[in-house]
>>> print(open('input.pdb').read())   # PDB, C-alpha atoms
ATOM      1  CA  MET A   9      92.526  86.503 116.284
ATOM      2  CA  PRO A  10      94.516  84.644 113.676
ATOM      3  CA  ARG A  11      94.062  80.902 113.462
ATOM      4  CA  PHE A  12      96.602  78.575 112.050
ATOM      5  CA  ILE A  13      96.703  75.189 110.460
ATOM      6  CA  GLY A  14      99.602  73.150 109.333
ATOM      7  CA  ALA A  15     100.844  69.747 108.472
ATOM      8  CA  MET A  16     104.271  68.365 107.977
ATOM      9  CA  ALA A  17     105.098  65.156 106.242
ATOM     10  CA  LYS A  18     107.976  63.135 104.872
ATOM     11  CA  GLU A  19     107.245  62.219 101.287
ATOM     12  CA  ILE A  20     108.413  59.046  99.561
ATOM     13  CA  GLU A  21     107.189  59.165  96.018
ATOM     14  CA  ARG A  22     107.615  57.173  92.806
ATOM     15  CA  LYS A  23     106.589  58.560  89.423
ATOM     16  CA  PHE A  24     105.671  56.758  86.222
ATOM     17  CA  LEU A  25     104.494  57.690  82.771
ATOM     18  CA  VAL A  26     101.108  56.102  81.998
ATOM     19  CA  LYS A  27     100.857  54.055  78.819
ATOM     20  CA  GLY A  28      97.236  52.995  78.460
ATOM     21  CA  PRO A  29      93.712  54.173  79.239
ATOM     22  CA  GLU A  30      92.789  51.052  81.288
ATOM     23  CA  TRP A  31      93.028  52.970  84.576
ATOM     24  CA  ARG A  32      90.145  55.205  83.538
ATOM     25  CA  SER A  33      87.493  52.661  84.521
ATOM     26  CA  LEU A  34      89.028  52.452  87.997
ATOM     27  CA  VAL A  35      88.868  56.143  88.890
ATOM     28  CA  GLU A  36      87.476  56.691  92.407
ATOM     29  CA  ASP A  37      87.880  60.430  92.657
ATOM     30  CA  ARG A  38      89.082  63.371  90.606
ATOM     31  CA  ILE A  39      90.355  66.795  91.561
ATOM     32  CA  ARG A  40      90.893  69.746  89.251
ATOM     33  CA  ILE A  41      94.217  71.320  90.141
ATOM     34  CA  ARG A  42      95.656  74.671  89.184
ATOM     35  CA  GLN A  43      99.125  75.201  90.586
ATOM     36  CA  PHE A  44     102.103  77.479  90.272
ATOM     37  CA  TYR A  45     105.417  78.238  91.922
ATOM     38  CA  LEU A  46     106.143  81.390  93.885
ATOM     39  CA  ALA A  47     109.758  80.429  94.496
ATOM     40  CA  ALA A  48     111.905  77.616  93.214
ATOM     41  CA  ASN A  49     115.575  77.198  93.988
ATOM     42  CA  THR A  50     117.920  74.309  94.520
ATOM     43  CA  GLY A  51     116.733  72.521  97.601
ATOM     44  CA  ARG A  52     113.549  74.520  98.151
ATOM     45  CA  SER A  53     110.285  75.487  96.529
ATOM     46  CA  VAL A  54     107.142  77.397  97.413
ATOM     47  CA  ARG A  55     104.034  76.274  95.545
ATOM     48  CA  LEU A  56     100.407  77.322  95.527
ATOM     49  CA  ARG A  57      97.767  74.785  94.560
ATOM     50  CA  ILE A  58      94.095  75.532  94.006
ATOM     51  CA  ALA A  59      91.912  72.415  94.171
ATOM     52  CA  ASN A  60      88.513  72.303  92.465
ATOM     53  CA  GLY A  61      88.543  76.088  92.341
ATOM     54  CA  GLU A  62      87.682  76.186  96.012
ATOM     55  CA  MET A  63      90.625  75.372  98.289
ATOM     56  CA  ALA A  64      94.099  76.855  98.122
ATOM     57  CA  THR A  65      97.174  75.328  99.747
ATOM     58  CA  LEU A  66     100.619  76.828 100.096
ATOM     59  CA  THR A  67     103.366  74.190 100.229
ATOM     60  CA  LEU A  68     106.979  74.798 101.199
ATOM     61  CA  LYS A  69     109.390  71.985 100.360
ATOM     62  CA  PHE A  70     112.976  71.749 101.514
ATOM     63  CA  GLY A  71     115.806  69.340 101.064
ATOM     64  CA  SER A  72     117.168  67.194  98.313
ATOM     65  CA  ARG A  73     114.921  66.295  95.414
ATOM     66  CA  GLY A  74     115.248  62.570  95.887
ATOM     67  CA  ARG A  75     112.614  60.503  97.542
ATOM     68  CA  GLU A  76     112.416  62.264 100.879
ATOM     69  CA  ARG A  77     111.815  65.941 101.635
ATOM     70  CA  ASP A  78     110.602  68.193 104.412
ATOM     71  CA  GLU A  79     107.239  69.595 103.505
ATOM     72  CA  PHE A  80     105.033  72.199 105.196
ATOM     73  CA  GLU A  81     101.476  72.937 104.084
ATOM     74  CA  TYR A  82      99.136  75.796 104.933
ATOM     75  CA  GLN A  83      95.675  76.736 103.748
ATOM     76  CA  VAL A  84      95.354  80.221 102.323
ATOM     77  CA  PRO A  85      92.245  82.178 101.333
ATOM     78  CA  LEU A  86      91.187  81.451  97.758
ATOM     79  CA  ALA A  87      91.035  85.102  96.721
ATOM     80  CA  GLU A  88      94.612  85.654  97.876
ATOM     81  CA  ALA A  89      95.802  82.545  96.064
ATOM     82  CA  GLU A  90      94.193  83.783  92.835
ATOM     83  CA  GLU A  91      95.884  87.123  93.349
ATOM     84  CA  MET A  92      99.290  85.467  93.796
ATOM     85  CA  ALA A  93      98.940  83.735  90.412
ATOM     86  CA  GLU A  94     100.117  87.073  89.001
ATOM     87  CA  PHE A  95     103.493  86.369  90.629
ATOM     88  CA  ALA A  96     103.837  82.807  89.347
ATOM     89  CA  ILE A  97     107.290  81.736  88.203
ATOM     90  CA  GLY A  98     106.943  79.921  84.892
ATOM     91  CA  ARG A  99     103.630  78.474  83.761
ATOM     92  CA  VAL A 100     100.478  77.943  85.741
ATOM     93  CA  ILE A 101      99.911  74.172  85.568
ATOM     94  CA  GLU A 102      96.382  72.889  84.910
ATOM     95  CA  LYS A 103      95.783  69.205  85.524
ATOM     96  CA  THR A 104      93.130  66.783  86.686
ATOM     97  CA  ARG A 105      94.260  64.364  89.362
ATOM     98  CA  HIS A 106      92.565  60.959  89.414
ATOM     99  CA  HIS A 107      92.623  58.557  92.344
ATOM    100  CA  VAL A 108      92.975  54.916  91.378
ATOM    101  CA  SER A 109      93.554  51.958  93.704
ATOM    102  CA  HIS A 110      95.568  48.921  92.694
ATOM    103  CA  ARG A 111      96.389  46.064  95.133
ATOM    104  CA  GLY A 112      95.375  48.316  98.003
ATOM    105  CA  ARG A 113      97.750  51.115  96.983
ATOM    106  CA  LEU A 114      96.637  54.590  95.918
ATOM    107  CA  TYR A 115      97.880  55.902  92.585
ATOM    108  CA  GLU A 116      97.419  59.554  91.747
ATOM    109  CA  ILE A 117      97.196  59.981  87.990
ATOM    110  CA  ASP A 118      97.686  63.504  86.706
ATOM    111  CA  VAL A 119      96.300  64.312  83.281
ATOM    112  CA  PHE A 120      97.813  67.608  82.241
ATOM    113  CA  GLY A 121      96.101  70.311  80.229
ATOM    114  CA  GLY A 122      97.191  73.415  78.355
ATOM    115  CA  GLU A 123     100.738  73.377  76.986
ATOM    116  CA  LEU A 124     101.343  70.018  78.669
ATOM    117  CA  SER A 125      98.321  68.276  77.084
ATOM    118  CA  GLY A 126      99.198  64.660  76.329
ATOM    119  CA  LEU A 127     101.271  64.217  79.464
ATOM    120  CA  VAL A 128      99.893  61.668  81.958
ATOM    121  CA  ILE A 129     101.912  60.907  85.097
ATOM    122  CA  ALA A 130     101.106  58.444  87.887
ATOM    123  CA  GLU A 131     102.464  58.927  91.394
ATOM    124  CA  LEU A 132     102.707  56.251  94.033
ATOM    125  CA  GLU A 133     103.456  57.422  97.540
ATOM    126  CA  THR A 134     104.453  54.548  99.753
ATOM    127  CA  PRO A 135     107.004  53.702 102.421
ATOM    128  CA  GLU A 136     107.354  50.150 101.010
ATOM    129  CA  ASP A 137     109.574  48.944  98.207
ATOM    130  CA  VAL A 138     106.879  47.750  95.803
ATOM    131  CA  PRO A 139     108.136  44.973  93.467
ATOM    132  CA  ALA A 140     107.561  45.445  89.726
ATOM    133  CA  SER A 141     105.222  42.439  89.650
ATOM    134  CA  GLU A 142     102.804  44.279  91.931
ATOM    135  CA  LEU A 143     102.636  47.429  89.799
ATOM    136  CA  PRO A 144      99.609  47.891  87.531
ATOM    137  CA  ALA A 145     100.026  47.023  83.829
ATOM    138  CA  TRP A 146      98.975  50.492  82.671
ATOM    139  CA  LEU A 147     102.104  52.038  84.173
ATOM    140  CA  GLY A 148     104.796  52.845  81.644
ATOM    141  CA  GLN A 149     108.368  53.932  82.200
ATOM    142  CA  GLU A 150     109.340  54.872  85.756
ATOM    143  CA  VAL A 151     110.548  58.500  85.864
ATOM    144  CA  THR A 152     111.267  58.786  89.607
ATOM    145  CA  GLY A 153     114.222  61.126  89.985
ATOM    146  CA  ASP A 154     114.058  62.239  86.346
ATOM    147  CA  ALA A 155     114.405  65.989  86.655
ATOM    148  CA  ARG A 156     112.290  66.618  83.552
ATOM    149  CA  TYR A 157     109.221  65.376  85.383
ATOM    150  CA  TYR A 158     109.661  67.229  88.674
ATOM    151  CA  ASN A 159     106.615  69.374  89.274
ATOM    152  CA  ALA A 160     108.872  72.408  89.317
ATOM    153  CA  SER A 161     110.397  71.443  85.953
ATOM    154  CA  LEU A 162     106.963  71.070  84.405
ATOM    155  CA  ALA A 163     106.200  74.614  85.510
ATOM    156  CA  LEU A 164     109.573  76.163  84.763
ATOM    157  CA  SER A 165     111.248  74.265  81.931
ATOM    158  CA  ASP A 166     110.555  73.372  78.342
ATOM    159  CA  VAL A 167     107.782  70.903  77.644
ATOM    160  CA  PRO A 168     109.189  67.330  78.062
ATOM    161  CA  GLU A 169     109.618  65.050  75.018
ATOM    162  CA  ALA A 170     106.807  62.757  76.143
ATOM    163  CA  VAL A 171     104.518  65.648  75.247
ATOM    164  CA  ALA A 172     106.318  67.687  72.619
TER     165      ALA A 172
ATOM    166  CA  MET B  10      89.165  70.458 108.691
ATOM    167  CA  PRO B  11      91.841  72.986 107.861
ATOM    168  CA  ARG B  12      91.220  76.584 108.834
ATOM    169  CA  PHE B  13      92.857  79.523 107.189
ATOM    170  CA  ILE B  14      93.813  83.030 108.044
ATOM    171  CA  GLY B  15      95.312  85.696 105.913
ATOM    172  CA  ALA B  16      95.849  89.347 105.475
ATOM    173  CA  MET B  17      97.002  91.385 102.554
ATOM    174  CA  ALA B  18      98.306  94.886 102.696
ATOM    175  CA  LYS B  19      99.990  97.530 100.617
ATOM    176  CA  GLU B  20     103.044  98.782 102.461
ATOM    177  CA  ILE B  21     104.438 102.286 102.251
ATOM    178  CA  GLU B  22     107.463 102.469 104.441
ATOM    179  CA  ARG B  23     110.266 104.907 105.236
ATOM    180  CA  LYS B  24     113.434 103.844 107.035
ATOM    181  CA  PHE B  25     115.892 105.873 109.064
ATOM    182  CA  LEU B  26     118.997 105.233 111.095
ATOM    183  CA  VAL B  27     118.519 106.304 114.715
ATOM    184  CA  LYS B  28     121.097 108.673 116.162
ATOM    185  CA  GLY B  29     120.281 109.126 119.833
ATOM    186  CA  PRO B  30     118.774 107.260 122.788
ATOM    187  CA  GLU B  31     116.037 109.886 123.449
ATOM    188  CA  TRP B  32     113.328 107.613 122.010
ATOM    189  CA  ARG B  33     113.919 105.063 124.777
ATOM    190  CA  SER B  34     111.828 106.957 127.299
ATOM    191  CA  LEU B  35     108.919 106.957 124.835
ATOM    192  CA  VAL B  36     108.682 103.200 124.257
ATOM    193  CA  GLU B  37     105.085 101.978 124.457
ATOM    194  CA  ASP B  38     105.618  98.351 123.540
ATOM    195  CA  ARG B  39     108.420  95.970 122.626
ATOM    196  CA  ILE B  40     108.467  92.697 120.717
ATOM    197  CA  ARG B  41     111.328  90.244 120.528
ATOM    198  CA  ILE B  42     111.673  89.151 116.916
ATOM    199  CA  ARG B  43     113.578  86.258 115.402
ATOM    200  CA  GLN B  44     113.274  86.138 111.642
ATOM    201  CA  PHE B  45     114.782  84.475 108.636
ATOM    202  CA  TYR B  46     114.262  84.093 104.911
ATOM    203  CA  LEU B  47     113.167  80.882 103.238
ATOM    204  CA  ALA B  48     113.386  82.363  99.758
ATOM    205  CA  ALA B  49     114.710  85.669  98.468
ATOM    206  CA  ASN B  50     114.910  86.608  94.836
ATOM    207  CA  THR B  51     114.532  89.768  92.827
ATOM    208  CA  GLY B  52     110.977  90.904  93.271
ATOM    209  CA  ARG B  53     109.931  88.332  95.850
ATOM    210  CA  SER B  54     110.748  87.027  99.301
ATOM    211  CA  VAL B  55     109.383  84.491 101.771
ATOM    212  CA  ARG B  56     110.108  85.291 105.400
ATOM    213  CA  LEU B  57     109.318  83.628 108.702
ATOM    214  CA  ARG B  58     109.068  85.780 111.806
ATOM    215  CA  ILE B  59     108.727  84.487 115.354
ATOM    216  CA  ALA B  60     107.438  87.137 117.758
ATOM    217  CA  ASN B  61     108.100  86.890 121.500
ATOM    218  CA  GLY B  62     108.912  83.223 121.035
ATOM    219  CA  GLU B  63     105.220  82.477 120.738
ATOM    220  CA  MET B  64     103.721  83.458 117.407
ATOM    221  CA  ALA B  65     105.077  82.629 113.966
ATOM    222  CA  THR B  66     104.107  84.445 110.767
ATOM    223  CA  LEU B  67     104.987  83.539 107.204
ATOM    224  CA  THR B  68     105.153  86.581 104.910
ATOM    225  CA  LEU B  69     105.313  86.495 101.127
ATOM    226  CA  LYS B  70     106.273  89.778  99.467
ATOM    227  CA  PHE B  71     106.123  90.486  95.765
ATOM    228  CA  GLY B  72     106.900  93.408  93.560
ATOM    229  CA  SER B  73     109.498  96.086  93.352
ATOM    230  CA  ARG B  74     111.455  96.963  96.452
ATOM    231  CA  GLY B  75     110.429 100.565  96.429
ATOM    232  CA  ARG B  76     107.781 101.936  98.721
ATOM    233  CA  GLU B  77     104.881  99.721  97.692
ATOM    234  CA  ARG B  78     104.651  95.930  97.580
ATOM    235  CA  ASP B  79     102.100  93.156  97.613
ATOM    236  CA  GLU B  80     102.289  91.309 100.883
ATOM    237  CA  PHE B  81     100.540  88.171 102.129
ATOM    238  CA  GLU B  82     100.752  86.960 105.726
ATOM    239  CA  TYR B  83      99.818  83.647 107.315
ATOM    240  CA  GLN B  84     100.165  82.277 110.814
ATOM    241  CA  VAL B  85     102.051  79.002 111.085
ATOM    242  CA  PRO B  86     102.473  76.688 114.076
ATOM    243  CA  LEU B  87     105.446  77.694 116.226
ATOM    244  CA  ALA B  88     107.035  74.228 116.213
ATOM    245  CA  GLU B  89     107.017  74.159 112.404
ATOM    246  CA  ALA B  90     108.501  77.652 112.221
ATOM    247  CA  GLU B  91     111.349  76.593 114.538
ATOM    248  CA  GLU B  92     111.914  73.563 112.350
ATOM    249  CA  MET B  93     112.099  75.706 109.216
ATOM    250  CA  ALA B  94     114.914  77.795 110.780
ATOM    251  CA  GLU B  95     117.157  74.923 109.639
ATOM    252  CA  PHE B  96     116.395  75.987 106.068
ATOM    253  CA  ALA B  97     117.075  79.702 106.579
ATOM    254  CA  ILE B  98     118.910  81.498 103.793
ATOM    255  CA  GLY B  99     121.619  83.663 105.341
ATOM    256  CA  ARG B 100     121.543  84.650 108.996
ATOM    257  CA  VAL B 101     118.710  84.368 111.459
ATOM    258  CA  ILE B 102     118.059  87.968 112.526
ATOM    259  CA  GLU B 103     117.482  88.703 116.203
ATOM    260  CA  LYS B 104     116.074  92.101 117.063
ATOM    261  CA  THR B 105     113.842  93.867 119.530
ATOM    262  CA  ARG B 106     111.188  96.053 117.976
ATOM    263  CA  HIS B 107     110.065  99.079 119.999
ATOM    264  CA  HIS B 108     106.886 101.041 119.362
ATOM    265  CA  VAL B 109     107.237 104.780 119.792
ATOM    266  CA  SER B 110     104.671 107.453 118.925
ATOM    267  CA  HIS B 111     105.613 110.897 117.700
ATOM    268  CA  ARG B 112     103.030 113.492 116.553
ATOM    269  CA  GLY B 113     100.452 110.731 116.383
ATOM    270  CA  ARG B 114     102.556 108.564 114.076
ATOM    271  CA  LEU B 115     103.879 105.136 115.010
ATOM    272  CA  TYR B 116     107.607 104.502 114.642
ATOM    273  CA  GLU B 117     108.927 100.966 114.888
ATOM    274  CA  ILE B 118     112.492 101.034 116.160
ATOM    275  CA  ASP B 119     114.466  97.844 115.630
ATOM    276  CA  VAL B 120     117.477  97.275 117.861
ATOM    277  CA  PHE B 121     119.462  94.449 116.322
ATOM    278  CA  GLY B 122     121.394  91.794 118.215
ATOM    279  CA  GLY B 123     124.013  89.212 117.319
ATOM    280  CA  GLU B 124     126.266  90.063 114.390
ATOM    281  CA  LEU B 125     124.219  93.195 113.728
ATOM    282  CA  SER B 126     124.582  94.604 117.272
ATOM    283  CA  GLY B 127     124.909  98.390 117.131
ATOM    284  CA  LEU B 128     122.422  98.739 114.304
ATOM    285  CA  VAL B 129     119.237 100.656 115.173
ATOM    286  CA  ILE B 130     116.688 101.336 112.433
ATOM    287  CA  ALA B 131     113.382 103.214 112.670
ATOM    288  CA  GLU B 132     110.521 102.497 110.293
ATOM    289  CA  LEU B 133     107.618 104.792 109.614
ATOM    290  CA  GLU B 134     104.713 103.318 107.730
ATOM    291  CA  THR B 135     102.382 105.995 106.477
ATOM    292  CA  PRO B 136     100.394 106.918 103.377
ATOM    293  CA  GLU B 137     101.198 110.620 103.924
ATOM    294  CA  ASP B 138     104.222 112.565 102.808
ATOM    295  CA  VAL B 139     105.546 113.587 106.228
ATOM    296  CA  PRO B 140     107.598 116.841 106.076
ATOM    297  CA  ALA B 141     111.088 116.783 107.653
ATOM    298  CA  SER B 142     109.962 119.305 110.276
ATOM    299  CA  GLU B 143     107.489 116.776 111.665
ATOM    300  CA  LEU B 144     110.017 113.965 112.056
ATOM    301  CA  PRO B 145     111.422 113.302 115.539
ATOM    302  CA  ALA B 146     114.882 114.724 116.355
ATOM    303  CA  TRP B 147     116.313 111.319 117.244
ATOM    304  CA  LEU B 148     116.025 110.148 113.645
ATOM    305  CA  GLY B 149     119.308 110.141 111.745
ATOM    306  CA  GLN B 150     119.934 109.640 108.059
ATOM    307  CA  GLU B 151     117.003 108.410 105.963
ATOM    308  CA  VAL B 152     117.864 105.077 104.339
ATOM    309  CA  THR B 153     114.577 104.403 102.510
ATOM    310  CA  GLY B 154     115.451 102.576  99.311
ATOM    311  CA  ASP B 155     119.045 101.965 100.418
ATOM    312  CA  ALA B 156     119.516  98.306  99.520
ATOM    313  CA  ARG B 157     121.977  97.749 102.376
ATOM    314  CA  TYR B 158     119.194  98.193 104.883
ATOM    315  CA  TYR B 159     116.547  96.017 103.266
ATOM    316  CA  ASN B 160     115.521  93.315 105.698
ATOM    317  CA  ALA B 161     116.642  90.736 103.167
ATOM    318  CA  SER B 162     120.065  92.389 102.838
ATOM    319  CA  LEU B 163     120.528  92.371 106.596
ATOM    320  CA  ALA B 164     119.902  88.621 106.531
ATOM    321  CA  LEU B 165     121.801  87.800 103.369
ATOM    322  CA  SER B 166     124.596  90.333 102.874
ATOM    323  CA  ASP B 167     127.653  91.577 104.705
ATOM    324  CA  VAL B 168     127.115  93.590 107.838
ATOM    325  CA  PRO B 169     126.480  97.282 106.826
ATOM    326  CA  GLU B 170     129.060  99.999 107.637
ATOM    327  CA  ALA B 171     126.833 101.582 110.267
ATOM    328  CA  VAL B 172     127.546  98.480 112.315
ATOM    329  CA  ALA B 173     130.901  97.113 111.138
TER     330      ALA B 173
END
>>> encode(input="input.pdb", output="structure tokens")
Amino acid sequence: MPRFIGAMAKEIERKFLVKGPEWRSLVEDRIRIRQFYLAANTGRSVRLRIANGEMATLTLKFGSRGRERDEFEYQVPLAEAEEMAEFAIGRVIEKTRHHVSHRGRLYEIDVFGGELSGLVIAELETPEDVPASELPAWLGQEVTGDARYYNASLALSDVPEAVA
Amino acid sequence: MPRFIGAMAKEIERKFLVKGPEWRSLVEDRIRIRQFYLAANTGRSVRLRIANGEMATLTLKFGSRGRERDEFEYQVPLAEAEEMAEFAIGRVIEKTRHHVSHRGRLYEIDVFGGELSGLVIAELETPEDVPASELPAWLGQEVTGDARYYNASLALSDVPEAVA
């Protein structure tokens, strides 16, 4: 009999470029991520993410690309995920995600590889409005809402200036 | 911990309009289906199907729309599937699928409701090349490869002439 899993979450997310290496001594965890899009249209996307070469997650996102979206996640068998890479739209993104805590808040710092080498983006997911004074010093320019840094853009568009 | 399920199949499928009611006495099983598309582009589609109001299946199809496609299926929680109906592209299709056997082959006969009432389509999924003489008499015109009768077209396009 089929089994199912699922999770649904509202996402409130801020994104920043990262300007220094000081965060590196604070890394608590790292995950190798390989991800690609199977569909990407205005207001919706279907993404496959393979973590540490061992777990594959299919994520469907709907709604406006601002700070809040409907998101549905399902585990899929690794072999099938690998097979679907053949149907990727745009590039397959390779990045290492680092977990860093600052003032009790989790920052996910993505260090991109391949064509996007040189790009480092920090994400802060929080329901609060965090004042600038409480942000870590190694954060650079905030790029929340900047379409060039959407995950889908990084897969589908030209390499952003921060890298090129 | 998340659990996963999955299945992958190559599909070889013929489609026919149905011209008479003679198949009705042969029905072995029926399933109420409600389905909609979450993404549909050339060479790929993402569909959610809710069967008998109790089981929801997400299907990703890739490849050319001819007789053979790569297909990946995953169960999703019913409540999440219902929620995703809000994000349907085009119409939500309502149909009752009937299973009928003829000469040892399974025919799936879809009787559409709603806007598509009047449309009845039979599907035969088989690796063999079945000669016309072995097809049941209640089959009408073959519409295999006719874009108007693709599942995605029925959801996304104008109602076909056979109905309108």
>>> closest_residue(input="input.pdb", among="A:Lys103, A:Arg113, A:Lys69, A:Arg38", to="A:Arg52", atoms="all atoms listed in the file")
A:Lys69
>>> residues_near_point(input="input.pdb", point="(102.2, 92.1, 91.3)", cutoff="6 Å", atoms="all atoms listed in the file", output="ChimeraX atom specification")
/A:94-95 /B:72
>>> atom_distance(input="input.pdb", atom1="atom CA of B:Gly122", atom2="atom CA of B:Arg43")
10.0 Å
>>> resolve_selection(input="input.pdb", expression="the ChimeraX specification (/B :<12) & /A", output="count of residues only")
51
>>> residues_around(input="input.pdb", residues="A:Glu150", least_positions_apart="5", cutoff="9 Å", atoms="only C-alpha atoms", output="PDB file with C-alpha atoms, keeping the file's coordinate frame")
ATOM      1  CA  ARG A  22     107.615  57.173  92.806  1.00  0.00           C
ATOM      2  CA  LYS A  23     106.589  58.560  89.423  1.00  0.00           C
ATOM      3  CA  PHE A  24     105.671  56.758  86.222  1.00  0.00           C
ATOM      4  CA  LEU A  25     104.494  57.690  82.771  1.00  0.00           C
TER       5      LEU A  25
END
>>> closest_residue(input="input.pdb", among="B:Val120, B:Leu125, B:Ala156, B:Val109", to="B:Glu31", atoms="all atoms listed in the file")
B:Val109
>>> resolve_selection(input="input.pdb", expression="the PyMOL selection byres ((chain A and resi 122) around 10)", output="list in words")
Arg99, Val100, Ile101, Glu102, Lys103, Phe120, Gly121, Glu123, Leu124, Ser125 and Gly126 of chain A
>>> resolve_selection(input="input.pdb", expression="the PyMOL selection byres ((chain A and resi 146) around 8)", output="PyMOL selection string")
chain A and resi 26-31+144-145+147-148
>>> residues_near_point(input="input.pdb", point="(84.6, 56.0, 91.6)", cutoff="12 Å", atoms="only C-alpha atoms", output="compact mmCIF listing (two decimals) with C-alpha atoms, keeping the file's coordinate frame")
# COMPACT_ATOMS: atom_id res chain seq x y z
CA TRP A 31 93.03 52.97 84.58
CA ARG A 32 90.14 55.20 83.54
CA SER A 33 87.49 52.66 84.52
CA LEU A 34 89.03 52.45 88.00
CA VAL A 35 88.87 56.14 88.89
CA GLU A 36 87.48 56.69 92.41
CA ASP A 37 87.88 60.43 92.66
CA ARG A 38 89.08 63.37 90.61
CA HIS A 106 92.56 60.96 89.41
CA HIS A 107 92.62 58.56 92.34
CA VAL A 108 92.98 54.92 91.38
CA SER A 109 93.55 51.96 93.70
>>> atom_distance(input="input.pdb", atom1="atom CA of A:Val151", atom2="atom CA of A:Val167")
15.1 Å
>>> atom_distance(input="input.pdb", atom1="atom CA of A:Arg111", atom2="atom CA of A:Thr134")
12.6 Å
>>> residues_around(input="input.pdb", residues="B:Ile40", least_positions_apart="4", cutoff="7 Å", atoms="only C-alpha atoms", output="list in words")
Ala60, Asn61, Thr105, Arg106 and His107 of chain B
>>> write_last_selection(input="input.pdb", atoms="C-alpha atoms", output="mmCIF file, keeping the file's coordinate frame")
data_model
loop_
_atom_site.group_PDB
_atom_site.id
_atom_site.type_symbol
_atom_site.label_atom_id
_atom_site.label_comp_id
_atom_site.auth_asym_id
_atom_site.auth_seq_id
_atom_site.Cartn_x
_atom_site.Cartn_y
_atom_site.Cartn_z
ATOM 1 C CA ALA B 60 107.438 87.137 117.758
ATOM 2 C CA ASN B 61 108.100 86.890 121.500
ATOM 3 C CA THR B 105 113.842 93.867 119.530
ATOM 4 C CA ARG B 106 111.188 96.053 117.976
ATOM 5 C CA HIS B 107 110.065 99.079 119.999
#
